[in-house]
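J.: One structure coming up, written as structure tokens, with questions to follow.
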Amino acid sequence: MVFQRAARREFAHSAAGIFVALFAIMVSIQAIRLLGDAASGRIASEAVWALLGFAALNYSAYLLTLTLFVAVLLSLSRSYRDSEMVVWFSSGVSLMAWIRPVLVFAMPLILAIAMLTLVLSPWAQQMSVEFKEKMQVRSDASQVAPGSFKEAASTDRVVFVEAIGDDETYVKNVFISAVQHGKLGVTMAGKGYQETAENGDRFMVLEGGRRYEVVPGTPEFRIMEFDRYALRVETRESRGIEKTVAAEPTLNLLRSSNRRDQAELLWRVNVPISAIVLALLAIPLSFVNPRAGRSANLILALLVYMIYSNLLSMMQAWVAQGRVSVLLGLLVVHLLMIVALPVMFARRILVFSFLRLRR
């Protein structure tokens with residue numbers, strides 16, 4: 001029908017403007033945060049743009065959900081304010097007739113949101129963590145100036161390197177002097193690089209070298225030759241970079257019985273479902289009485305959105321705590337909103353019919 005094509009076209013125009021505005025705000029906020037981290041030395045300056053791209057990909061699903069809700073809400077509210085709805089209803093078009101064009105417009109966005117939450121956002125989280133770790137390793141290696149001694153922050157280790165590798169991920173001809181367990185140890189190796197263990201601890205790995213150990217004040221000493229020697233330089237707790245459940249692939253979450261993994265899976269499924277429900281809720285929430293204030297429906301819509309979002313977050317927390325099952329957490333909130341839909345549609349139809357009778 002003509003009005004359905006016109007409605008979808010207006011939805012698309014509104015959604016484009018809203019998404020650009022929300023995306024610009026999100027990028028600005030993330031850029032300020034990342035630039036602050038780079039200025040304080042927590043991340044490398046050359047990593048800002050890559051991390052900003054990963055953050056944008058991670059937040060796009062939530063921006064699209066909000067864009068869909070606001071685009072339908074504002075487009076239909078404008079039709080009420082300009083009395084276009086009077087024309088549609090006078091032509092025999094019911095409020096229920098708007099469900100089809102809204103769903104047709106929403107389905108591509110729903111598929112994009114599902115792809116983002118289930119596949120792309122976890123990938124972006126994982127790549128962000130790996131990129132931070134890689135840049136940290138490069139930063140640590142590049143901070144060692146060739147030909148000079150560098151004292152560690154713990155003040156019990158001195159490092160000297162003759163040269164840095166071409167890709168800045170390893171060093172050549174390493175000399176390390178350290179005091180450990182009351183013994184003075186001097187280690188020399190032809191090559192050294194940093195490596196992260198499975199538990200998150202970071203080690204300096206030396207290859208092809210020799211280690212001398214001596215107890216100060218005594219003639220005792222020991223000489224050891226090694227092919228590979230690992231010296232822990234930082235624990236996971238002190239690093240501040242740790243893989244989270246948000247970076248786990250969705251398939252891994254499906255196989256897991258851990259409550260935190262199940263809660264994360266629930267959230268990823270809830271986002272595209274909530275986008276569908278919010279798009280339908282926007283139809284009755286868009287009602288505006290031209291003779292009354294124009295902001296009442298927007299306040300009510302914002303309230304509904306906040307309640308819906310907080311209920312989903314609460315269910316996710318309860319699943320993580322083991323207070324409710326995954327199935328219950330998936331169904332309760334959505335069913336509550338879906339049951340409220342017919343009531344809201346009926347109320348809006350009755351209100352509009354009452355206004356027409358008064359005229």
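The way I read the labels, and the way they are meant: chains A, B, ... in the order of the structure tokens, residue 1 as the first residue of every chain, and ligand 1 as the first ligand shown, with later ones counted on from there.
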I want to know what sits within 10 Å of A:Trp49, based on only C-alpha atoms, with residues of the same chain fewer than 3 positions away left out; could you give that as a PyMOL selection string?
T.: chain A and resi 31+34-35+45-46+52-55
J.: Write the residues you've just listed into a file as a compact mmCIF listing (two decimals), in the first residue's frame, and include C-alpha atoms for each of them.
T.:
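Final file, result.txt:
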```
# COMPACT_ATOMS: atom_id res chain seq x y z
CA ALA A 31 37.56 8.99 21.94
CA LEU A 34 40.82 6.56 25.08
CA LEU A 35 42.80 9.77 24.58
CA SER A 45 48.88 6.36 21.52
CA GLU A 46 48.93 4.46 18.23
CA LEU A 52 37.91 3.21 19.01
CA GLY A 53 36.85 1.08 16.06
CA PHE A 54 36.39 -1.99 18.27
CA ALA A 55 34.36 0.07 20.76
```
J.: Near A:Leu231, within 7 Å and counting only C-alpha atoms, which residues show up once chain neighbours fewer than 5 positions away are dropped, as JSON, numbers by chain?
T.: {"A": [203, 204, 205]}
J.: Env of stretch 14-29 of chain A: 12 Å cut, atoms = only C-alpha atoms, seq-sep filter 3 positions within chain, self excluded. Answer as number ranges by chain.
T.: A: 7-11, 32-36, 48-49, 51-78, 105-106, 109
J.: Determine the nearest neighbour of A:Gly217 from the options A:Leu328, A:Ala263, A:Leu184, A:Ile43, counting only C-alpha atoms.
T.: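 Closest to A:Gly217 of all the choices is A:Leu184.
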J.: Using only C-alpha atoms, can you tell me which of A:Leu341, A:Val159, A:Val288, A:Met188 comes closest to A:Met224?
T.: A:Met188
J.: DSSP on the backbone, then: every residue of stretch 143-332 of chain A marked strand (DSSP E or B), written as a PDB file with C-alpha atoms, in the first residue's frame.
T.:
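states_26.pdb, written as the output of this step:
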```pdb
ATOM      1  CA  PHE A 149      70.786   0.224  31.827  1.00  0.00           C
ATOM      2  CA  LYS A 150      67.140   0.361  32.909  1.00  0.00           C
ATOM      3  CA  GLU A 151      66.097  -0.200  36.503  1.00  0.00           C
ATOM      4  CA  ARG A 157      66.244  -5.689  38.777  1.00  0.00           C
ATOM      5  CA  VAL A 158      68.449  -3.950  36.216  1.00  0.00           C
ATOM      6  CA  VAL A 159      68.112  -4.712  32.510  1.00  0.00           C
ATOM      7  CA  PHE A 160      70.536  -3.972  29.697  1.00  0.00           C
ATOM      8  CA  VAL A 161      70.004  -4.783  26.023  1.00  0.00           C
ATOM      9  CA  GLU A 162      72.337  -4.274  23.111  1.00  0.00           C
ATOM     10  CA  ALA A 163      69.683  -3.948  20.378  1.00  0.00           C
ATOM     11  CA  ILE A 164      65.952  -4.237  19.685  1.00  0.00           C
ATOM     12  CA  TYR A 170      62.100  -8.923  21.098  1.00  0.00           C
ATOM     13  CA  VAL A 171      65.537  -7.729  22.150  1.00  0.00           C
ATOM     14  CA  LYS A 172      69.042  -8.971  21.431  1.00  0.00           C
ATOM     15  CA  ASN A 173      71.960  -9.664  23.790  1.00  0.00           C
ATOM     16  CA  VAL A 174      70.207  -9.226  27.109  1.00  0.00           C
ATOM     17  CA  PHE A 175      71.872  -8.654  30.481  1.00  0.00           C
ATOM     18  CA  ILE A 176      69.764  -8.844  33.680  1.00  0.00           C
ATOM     19  CA  SER A 177      70.949  -8.338  37.230  1.00  0.00           C
ATOM     20  CA  ALA A 178      68.425  -9.134  39.949  1.00  0.00           C
ATOM     21  CA  VAL A 179      68.233  -9.945  43.651  1.00  0.00           C
ATOM     22  CA  GLN A 180      65.903 -12.812  44.469  1.00  0.00           C
ATOM     23  CA  LYS A 183      70.793 -14.224  46.043  1.00  0.00           C
ATOM     24  CA  LEU A 184      72.313 -11.968  43.425  1.00  0.00           C
ATOM     25  CA  GLY A 185      71.666 -13.356  39.972  1.00  0.00           C
ATOM     26  CA  VAL A 186      73.240 -12.212  36.730  1.00  0.00           C
ATOM     27  CA  THR A 187      71.667 -13.548  33.534  1.00  0.00           C
ATOM     28  CA  MET A 188      72.942 -13.134  29.985  1.00  0.00           C
ATOM     29  CA  ALA A 189      71.163 -14.328  26.842  1.00  0.00           C
ATOM     30  CA  GLY A 190      71.290 -13.805  23.120  1.00  0.00           C
ATOM     31  CA  LYS A 191      67.573 -13.100  22.718  1.00  0.00           C
ATOM     32  CA  GLY A 192      64.677 -12.065  24.929  1.00  0.00           C
ATOM     33  CA  TYR A 193      60.976 -11.424  24.515  1.00  0.00           C
ATOM     34  CA  GLN A 194      57.807 -11.183  26.568  1.00  0.00           C
ATOM     35  CA  GLU A 195      55.226 -13.937  26.832  1.00  0.00           C
ATOM     36  CA  THR A 196      51.839 -14.154  28.573  1.00  0.00           C
ATOM     37  CA  ARG A 202      53.615 -12.042  32.038  1.00  0.00           C
ATOM     38  CA  PHE A 203      57.138 -13.460  31.715  1.00  0.00           C
ATOM     39  CA  MET A 204      60.367 -12.292  30.166  1.00  0.00           C
ATOM     40  CA  VAL A 205      61.664 -15.287  28.205  1.00  0.00           C
ATOM     41  CA  LEU A 206      65.393 -15.548  27.483  1.00  0.00           C
ATOM     42  CA  GLU A 207      66.885 -17.962  24.989  1.00  0.00           C
ATOM     43  CA  GLY A 208      70.435 -19.296  24.672  1.00  0.00           C
ATOM     44  CA  GLY A 209      72.174 -17.915  27.716  1.00  0.00           C
ATOM     45  CA  ARG A 210      73.914 -18.394  31.032  1.00  0.00           C
ATOM     46  CA  ARG A 211      72.992 -17.473  34.611  1.00  0.00           C
ATOM     47  CA  TYR A 212      75.317 -16.788  37.542  1.00  0.00           C
ATOM     48  CA  GLU A 213      74.033 -16.913  41.127  1.00  0.00           C
ATOM     49  CA  VAL A 214      75.977 -15.792  44.208  1.00  0.00           C
ATOM     50  CA  PHE A 221      78.213 -19.323  43.538  1.00  0.00           C
ATOM     51  CA  ARG A 222      76.487 -21.338  40.833  1.00  0.00           C
ATOM     52  CA  ILE A 223      76.673 -21.261  37.037  1.00  0.00           C
ATOM     53  CA  MET A 224      73.804 -22.503  34.870  1.00  0.00           C
ATOM     54  CA  GLU A 225      73.433 -22.682  31.122  1.00  0.00           C
ATOM     55  CA  PHE A 226      69.973 -22.719  29.586  1.00  0.00           C
ATOM     56  CA  ASP A 227      68.213 -22.886  26.257  1.00  0.00           C
ATOM     57  CA  ARG A 228      65.112 -21.157  27.587  1.00  0.00           C
ATOM     58  CA  TYR A 229      64.657 -19.257  30.837  1.00  0.00           C
ATOM     59  CA  ALA A 230      61.433 -17.512  31.918  1.00  0.00           C
ATOM     60  CA  LEU A 231      61.442 -14.717  34.483  1.00  0.00           C
ATOM     61  CA  ARG A 232      58.087 -13.429  35.718  1.00  0.00           C
ATOM     62  CA  VAL A 233      57.888  -9.666  35.493  1.00  0.00           C
ATOM     63  CA  GLU A 234      54.194  -8.984  36.106  1.00  0.00           C
TER      64      GLU A 234
END
```
J.: Return as a PDB file with C-alpha atoms, in the first residue's frame the full set of residues in stretch 238-344 of chain A whose backbone-based DSSP assignment is helix (DSSP H, G or I).
T.:
```
ATOM      1  CA  SER A 238      48.792  -5.897  38.300  1.00  0.00           C
ATOM      2  CA  ARG A 239      48.290  -5.692  34.554  1.00  0.00           C
ATOM      3  CA  VAL A 245      33.084 -13.227  29.506  1.00  0.00           C
ATOM      4  CA  ALA A 246      31.912 -10.559  27.042  1.00  0.00           C
ATOM      5  CA  ALA A 247      34.771 -11.596  24.743  1.00  0.00           C
ATOM      6  CA  THR A 250      28.636 -17.356  21.500  1.00  0.00           C
ATOM      7  CA  LEU A 251      29.238 -21.040  20.691  1.00  0.00           C
ATOM      8  CA  ASN A 252      31.449 -21.350  23.781  1.00  0.00           C
ATOM      9  CA  LEU A 253      28.702 -19.806  25.915  1.00  0.00           C
ATOM     10  CA  LEU A 254      26.170 -22.297  24.534  1.00  0.00           C
ATOM     11  CA  ARG A 255      28.357 -25.197  25.680  1.00  0.00           C
ATOM     12  CA  ARG A 259      26.191 -19.064  35.466  1.00  0.00           C
ATOM     13  CA  ARG A 260      28.131 -16.021  34.293  1.00  0.00           C
ATOM     14  CA  ASP A 261      28.405 -17.468  30.797  1.00  0.00           C
ATOM     15  CA  GLN A 262      24.688 -18.228  30.755  1.00  0.00           C
ATOM     16  CA  ALA A 263      23.893 -14.688  31.892  1.00  0.00           C
ATOM     17  CA  GLU A 264      26.039 -13.246  29.094  1.00  0.00           C
ATOM     18  CA  LEU A 265      24.320 -15.512  26.563  1.00  0.00           C
ATOM     19  CA  LEU A 266      20.944 -14.394  27.878  1.00  0.00           C
ATOM     20  CA  TRP A 267      21.877 -10.741  27.364  1.00  0.00           C
ATOM     21  CA  ARG A 268      23.042 -11.364  23.798  1.00  0.00           C
ATOM     22  CA  VAL A 269      19.732 -13.016  22.952  1.00  0.00           C
ATOM     23  CA  ASN A 270      17.684 -10.402  24.808  1.00  0.00           C
ATOM     24  CA  VAL A 271      19.004  -7.436  22.816  1.00  0.00           C
ATOM     25  CA  PRO A 272      17.514  -8.355  19.388  1.00  0.00           C
ATOM     26  CA  ILE A 273      14.284  -9.605  21.003  1.00  0.00           C
ATOM     27  CA  SER A 274      13.904  -6.358  22.932  1.00  0.00           C
ATOM     28  CA  ALA A 275      14.452  -4.420  19.702  1.00  0.00           C
ATOM     29  CA  ILE A 276      11.387  -6.120  18.151  1.00  0.00           C
ATOM     30  CA  VAL A 277       9.248  -5.494  21.218  1.00  0.00           C
ATOM     31  CA  LEU A 278      10.356  -1.858  21.487  1.00  0.00           C
ATOM     32  CA  ALA A 279       9.520  -1.230  17.831  1.00  0.00           C
ATOM     33  CA  LEU A 280       5.978  -2.496  18.452  1.00  0.00           C
ATOM     34  CA  LEU A 281       5.678  -0.559  21.722  1.00  0.00           C
ATOM     35  CA  ALA A 282       6.570   2.625  19.872  1.00  0.00           C
ATOM     36  CA  ILE A 283       3.306   2.442  17.884  1.00  0.00           C
ATOM     37  CA  PRO A 284       0.879   3.025  20.791  1.00  0.00           C
ATOM     38  CA  LEU A 285       3.423   5.162  22.681  1.00  0.00           C
ATOM     39  CA  ALA A 296       3.957  13.728  27.449  1.00  0.00           C
ATOM     40  CA  ASN A 297       4.253  10.735  25.109  1.00  0.00           C
ATOM     41  CA  LEU A 298       8.045  11.125  24.900  1.00  0.00           C
ATOM     42  CA  ILE A 299       8.345  11.103  28.674  1.00  0.00           C
ATOM     43  CA  LEU A 300       6.157   7.984  28.872  1.00  0.00           C
ATOM     44  CA  ALA A 301       8.181   6.286  26.105  1.00  0.00           C
ATOM     45  CA  LEU A 302      11.453   7.094  27.893  1.00  0.00           C
ATOM     46  CA  LEU A 303      10.027   5.679  31.112  1.00  0.00           C
ATOM     47  CA  VAL A 304       8.931   2.458  29.374  1.00  0.00           C
ATOM     48  CA  TYR A 305      12.349   2.088  27.744  1.00  0.00           C
ATOM     49  CA  MET A 306      14.169   2.561  31.050  1.00  0.00           C
ATOM     50  CA  ILE A 307      11.917   0.089  32.863  1.00  0.00           C
ATOM     51  CA  TYR A 308      12.307  -2.495  30.103  1.00  0.00           C
ATOM     52  CA  SER A 309      16.090  -2.107  29.966  1.00  0.00           C
ATOM     53  CA  ASN A 310      16.482  -2.253  33.747  1.00  0.00           C
ATOM     54  CA  LEU A 311      14.309  -5.357  33.996  1.00  0.00           C
ATOM     55  CA  LEU A 312      16.476  -7.108  31.398  1.00  0.00           C
ATOM     56  CA  SER A 313      19.636  -6.117  33.303  1.00  0.00           C
ATOM     57  CA  MET A 314      18.090  -7.334  36.547  1.00  0.00           C
ATOM     58  CA  MET A 315      17.233 -10.694  34.982  1.00  0.00           C
ATOM     59  CA  GLN A 316      20.772 -11.036  33.692  1.00  0.00           C
ATOM     60  CA  ALA A 317      22.132 -10.383  37.189  1.00  0.00           C
ATOM     61  CA  TRP A 318      19.733 -12.906  38.707  1.00  0.00           C
ATOM     62  CA  VAL A 319      20.780 -15.574  36.211  1.00  0.00           C
ATOM     63  CA  ALA A 320      24.441 -14.881  37.013  1.00  0.00           C
ATOM     64  CA  GLN A 321      23.636 -15.274  40.725  1.00  0.00           C
ATOM     65  CA  VAL A 326      17.980 -18.980  31.869  1.00  0.00           C
ATOM     66  CA  LEU A 327      14.593 -19.888  30.390  1.00  0.00           C
ATOM     67  CA  LEU A 328      12.724 -17.899  33.031  1.00  0.00           C
ATOM     68  CA  GLY A 329      15.061 -14.949  32.578  1.00  0.00           C
ATOM     69  CA  LEU A 330      14.452 -15.077  28.831  1.00  0.00           C
ATOM     70  CA  LEU A 331      10.660 -15.223  28.950  1.00  0.00           C
ATOM     71  CA  VAL A 332       9.410 -13.207  31.914  1.00  0.00           C
ATOM     72  CA  VAL A 333      10.283  -9.638  30.898  1.00  0.00           C
ATOM     73  CA  HIS A 334       9.497 -10.047  27.205  1.00  0.00           C
ATOM     74  CA  LEU A 335       6.164 -11.727  27.931  1.00  0.00           C
ATOM     75  CA  LEU A 336       5.296  -8.932  30.337  1.00  0.00           C
ATOM     76  CA  MET A 337       5.839  -6.336  27.619  1.00  0.00           C
ATOM     77  CA  ILE A 338       4.101  -8.413  24.951  1.00  0.00           C
ATOM     78  CA  VAL A 339       1.038  -8.829  27.181  1.00  0.00           C
ATOM     79  CA  ALA A 340       0.999  -5.068  27.730  1.00  0.00           C
ATOM     80  CA  LEU A 341       0.986  -4.418  23.966  1.00  0.00           C
ATOM     81  CA  PRO A 342      -2.721  -5.249  23.290  1.00  0.00           C
ATOM     82  CA  VAL A 343      -3.729  -3.204  26.328  1.00  0.00           C
ATOM     83  CA  MET A 344      -1.793  -0.190  25.058  1.00  0.00           C
TER      84      MET A 344
END
```
